[in-house]
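Novice: Attaching a single structure in structure tokens format; questions to follow.
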Amino acid sequence: ISESDTVVHGDFHPKNVMIQDGELVLIDMADLTTGHPLYDLGSMALTHHLPSDDRIENITGMDYADYMRETVFRPLGMQSAQIDKPGLEVPHRVTGYELSGDMITPADRCLHWMHGAGDMIGTVEDVYCLNRAIKHKLLLTEESWREILTPSPVCSFGMGCRVNHWHGKKRIIHNGGFTGFRTLHIQLPEDDFDLIFLSNSGWGSAREDLSEIIYEAFYGQDGSARTHIELDKGYI
């Protein structure tokens, strides 16, 4: 593939394409970068088939939620993690909120339709268990972890995580979210430093801003951070 400086989405698949006022709109732009457009085309082609949960059920013969519980959640100690589905009762479940004009409105809480691309619900403790799995390379083979943590030639994404540098330090990072929710997980493997943010507000940049503030509190200013950050007091 020849070199190119075309703008590419970086996470281009059907669930990041919406229709608004009769026009197609791309969402989840956190991985926007430049590169060859074939990257986005390949990303769409790879995901525009059976959803991952259907593929797992076809291969294993197990219900997707049961498979995840028995092969991932329990072995890693993710005690509260579940796969969302209609009618699932979860004690103390959080409601997500969106900003609609000047109003804050509750969002739909059921994520089952995401089909393995964001339908897990859980706690910060569950994500920390996943963090330990990444750090100590649990469950998977060395070769699989190498593929997960090796950036592609056209962007910082490996087969599951982004790997880049932040304030000059190697960083493993993944973010995500949908209506009413935002997440951010940062691991600095060389420093044993981890940040996990789970937010039930679907707007703003507080997760990124807070990560900069916490970094500065631990490491001090290094000149590479953004200019002065002032979080919206209404958001807090």
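Labeling convention for the structure tokens: chains A, B, ... as they appear, residues from 1 per chain, ligands from 1 in order of appearance.
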Going by DSSP on the backbone, which residues of segment 37-222 of chain A come out as alpha helix (DSSP H)? List them as a PyMOL selection string.
Specialist: chain A and resi 38-47+52-60+64-68+74-76+124-136+142-148+206-219
Novice: Report as a tab-separated table the residues of segment 149-171 of chain A within 10 Å of segment 187-192 of chain A, each with its shortest atom pair and distance in Å (one decimal), using only C-alpha atoms, ordered by chain and increasing residue number.
Specialist:
residue	atom	partner	partner_atom	distance
A:Val163	CA	A:Gln187	CA	9.6
A:His165	CA	A:Leu188	CA	9.2
A:Trp166	CA	A:Leu188	CA	8.8
A:Lys169	CA	A:Leu188	CA	7.0
A:Lys170	CA	A:Leu188	CA	6.0
A:Arg171	CA	A:Leu188	CA	4.8
Novice: Could you name the residues that touch Val72 of chain A at 12 Å or less, counting only C-alpha atoms, but leaving out those on the same chain fewer than 5 positions away, as a list of chain:residue names?
Specialist: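 After dropping sequence-adjacent residues, the list is A:Tyr64, A:Ala65, A:Asp66, A:Tyr67, A:Gly77, A:Met78, A:Gln79, A:Ala81, A:Gln82, A:Ile83, A:Met120, A:Asp126, A:Cys129, A:Leu130, A:Ala133, A:Leu138, A:Leu139, A:Leu140.
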Novice: Could you check how far atom CA of Thr6 of chain A sits from atom CA of Pro37 of chain A, in Å to one decimal?
Specialist: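 These atoms are spaced 6.4 Å apart.
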Novice: Work out how far atom CA of His185 of chain A is from atom CA of Leu26 of chain A, in Å to one decimal.
Specialist: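 Taking atom CA of Leu26 of chain A and atom CA of His185 of chain A, their separation equals 22.6 Å.
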Novice: Write out as a PyMOL selection string the residues lying within 7 Å of Asp31 of chain A, counting only C-alpha atoms and excluding same-chain residues fewer than 5 positions away.
Specialist: chain A and resi 9-11
Novice: Which one of A:Val154, A:Ile59, A:Thr183, A:Ser100 sits closest to Leu38 of chain A if you count only C-alpha atoms?
Specialist: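 Under the stated criterion, the closest residue is A:Val154.
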Novice: Figure out the distance between atom CA of Tyr128 of chain A and atom CA of Ile214 of chain A, please, to one decimal in Å.
Specialist: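 Here the two named atoms are 17.3 Å from each other.
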Novice: I need the residue nearest Trp145 of chain A from this list: A:Arg132, A:Leu24, A:Met159, A:Gly177. Use only C-alpha atoms for the distance.
Specialist: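 For Trp145 of chain A, the nearest of the given residues is A:Met159.
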Novice: When distances are computed from only C-alpha atoms, which of A:Thr60, A:Gln221, A:Ser199, A:Thr141 shows the smallest separation from Thr123 of chain A?
Specialist: A:Ser199
Novice: When DSSP works through the backbone of this structure, what residues of segment 41-221 of chain A end up as strand (DSSP E), shown as a PyMOL selection string?
Specialist: chain A and resi 82-83+97-100+103-106+120-121+162-166+169-178+181-188+193-199
Novice: Identify, on the basis of only C-alpha atoms, every residue whose closest approach to Phe157 of chain A does not exceed 10 Å; exclude the query and any residue fewer than 5 positions from it along the same chain; express the result as a PyMOL selection string.
Specialist: chain A and resi 10-11+31+148-152+162-164+172-174
Novice: Can you spit out the residues from that selection as a PDB file, in the first residue's frame, using N, CA and C atoms?
Specialist:
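Produced file result_2.pdb, reproduced below:
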ATOM      1  N   GLY A  10     -10.340   5.596  11.477  1.00  0.00           N
ATOM      2  CA  GLY A  10      -9.564   4.818  12.425  1.00  0.00           C
ATOM      3  C   GLY A  10     -10.352   3.744  13.154  1.00  0.00           C
ATOM      4  N   ASP A  11     -11.684   3.847  13.165  1.00  0.00           N
ATOM      5  CA  ASP A  11     -12.533   2.832  13.804  1.00  0.00           C
ATOM      6  C   ASP A  11     -13.837   2.761  13.020  1.00  0.00           C
ATOM      7  N   ASP A  31     -10.134   8.130  17.206  1.00  0.00           N
ATOM      8  CA  ASP A  31      -8.976   7.541  16.522  1.00  0.00           C
ATOM      9  C   ASP A  31      -8.725   8.163  15.150  1.00  0.00           C
ATOM     10  N   ILE A 148      -2.121  -8.012  19.628  1.00  0.00           N
ATOM     11  CA  ILE A 148      -3.000  -7.040  20.261  1.00  0.00           C
ATOM     12  C   ILE A 148      -2.263  -5.737  20.539  1.00  0.00           C
ATOM     13  N   LEU A 149      -0.997  -5.834  20.946  1.00  0.00           N
ATOM     14  CA  LEU A 149      -0.248  -4.671  21.415  1.00  0.00           C
ATOM     15  C   LEU A 149       0.760  -4.144  20.394  1.00  0.00           C
ATOM     16  N   THR A 150       0.675  -4.605  19.155  1.00  0.00           N
ATOM     17  CA  THR A 150       1.554  -4.095  18.101  1.00  0.00           C
ATOM     18  C   THR A 150       0.759  -3.158  17.193  1.00  0.00           C
ATOM     19  N   PRO A 151       1.094  -1.873  17.145  1.00  0.00           N
ATOM     20  CA  PRO A 151       0.342  -0.935  16.292  1.00  0.00           C
ATOM     21  C   PRO A 151       0.424  -1.318  14.824  1.00  0.00           C
ATOM     22  N   SER A 152      -0.648  -1.025  14.091  1.00  0.00           N
ATOM     23  CA  SER A 152      -0.645  -1.264  12.657  1.00  0.00           C
ATOM     24  C   SER A 152       0.260  -0.242  11.972  1.00  0.00           C
ATOM     25  N   ARG A 162      -4.852   0.553  21.455  1.00  0.00           N
ATOM     26  CA  ARG A 162      -3.922   1.515  20.864  1.00  0.00           C
ATOM     27  C   ARG A 162      -2.656   1.538  21.697  1.00  0.00           C
ATOM     28  N   VAL A 163      -1.527   1.629  21.032  1.00  0.00           N
ATOM     29  CA  VAL A 163      -0.239   1.737  21.712  1.00  0.00           C
ATOM     30  C   VAL A 163       0.487   2.937  21.127  1.00  0.00           C
ATOM     31  N   ASN A 164       0.759   3.932  21.960  1.00  0.00           N
ATOM     32  CA  ASN A 164       1.450   5.125  21.498  1.00  0.00           C
ATOM     33  C   ASN A 164       2.234   5.712  22.666  1.00  0.00           C
ATOM     34  N   ILE A 172      -0.554   2.235  26.719  1.00  0.00           N
ATOM     35  CA  ILE A 172      -1.576   1.343  26.171  1.00  0.00           C
ATOM     36  C   ILE A 172      -2.915   1.962  26.539  1.00  0.00           C
ATOM     37  N   ILE A 173      -3.763   2.166  25.546  1.00  0.00           N
ATOM     38  CA  ILE A 173      -4.980   2.944  25.791  1.00  0.00           C
ATOM     39  C   ILE A 173      -6.134   2.391  24.979  1.00  0.00           C
ATOM     40  N   HIS A 174      -7.316   2.453  25.563  1.00  0.00           N
ATOM     41  CA  HIS A 174      -8.546   2.195  24.813  1.00  0.00           C
ATOM     42  C   HIS A 174      -9.644   3.064  25.401  1.00  0.00           C
TER      43      HIS A 174
END
Novice: Can you pull out every residue within 10 Å of Ser80 of chain A, counting only C-alpha atoms, but drop anything in the same chain fewer than 5 positions away, and send it as a count of residues only?
Specialist: 9
Novice: Find the residues near Val94 of chain A: any atom within 12 Å, counting only C-alpha atoms, skip ones fewer than 6 places away on the same chain, and give them as a ChimeraX atom specification.
Specialist: /A:106-110,121-123,180-181,198-201
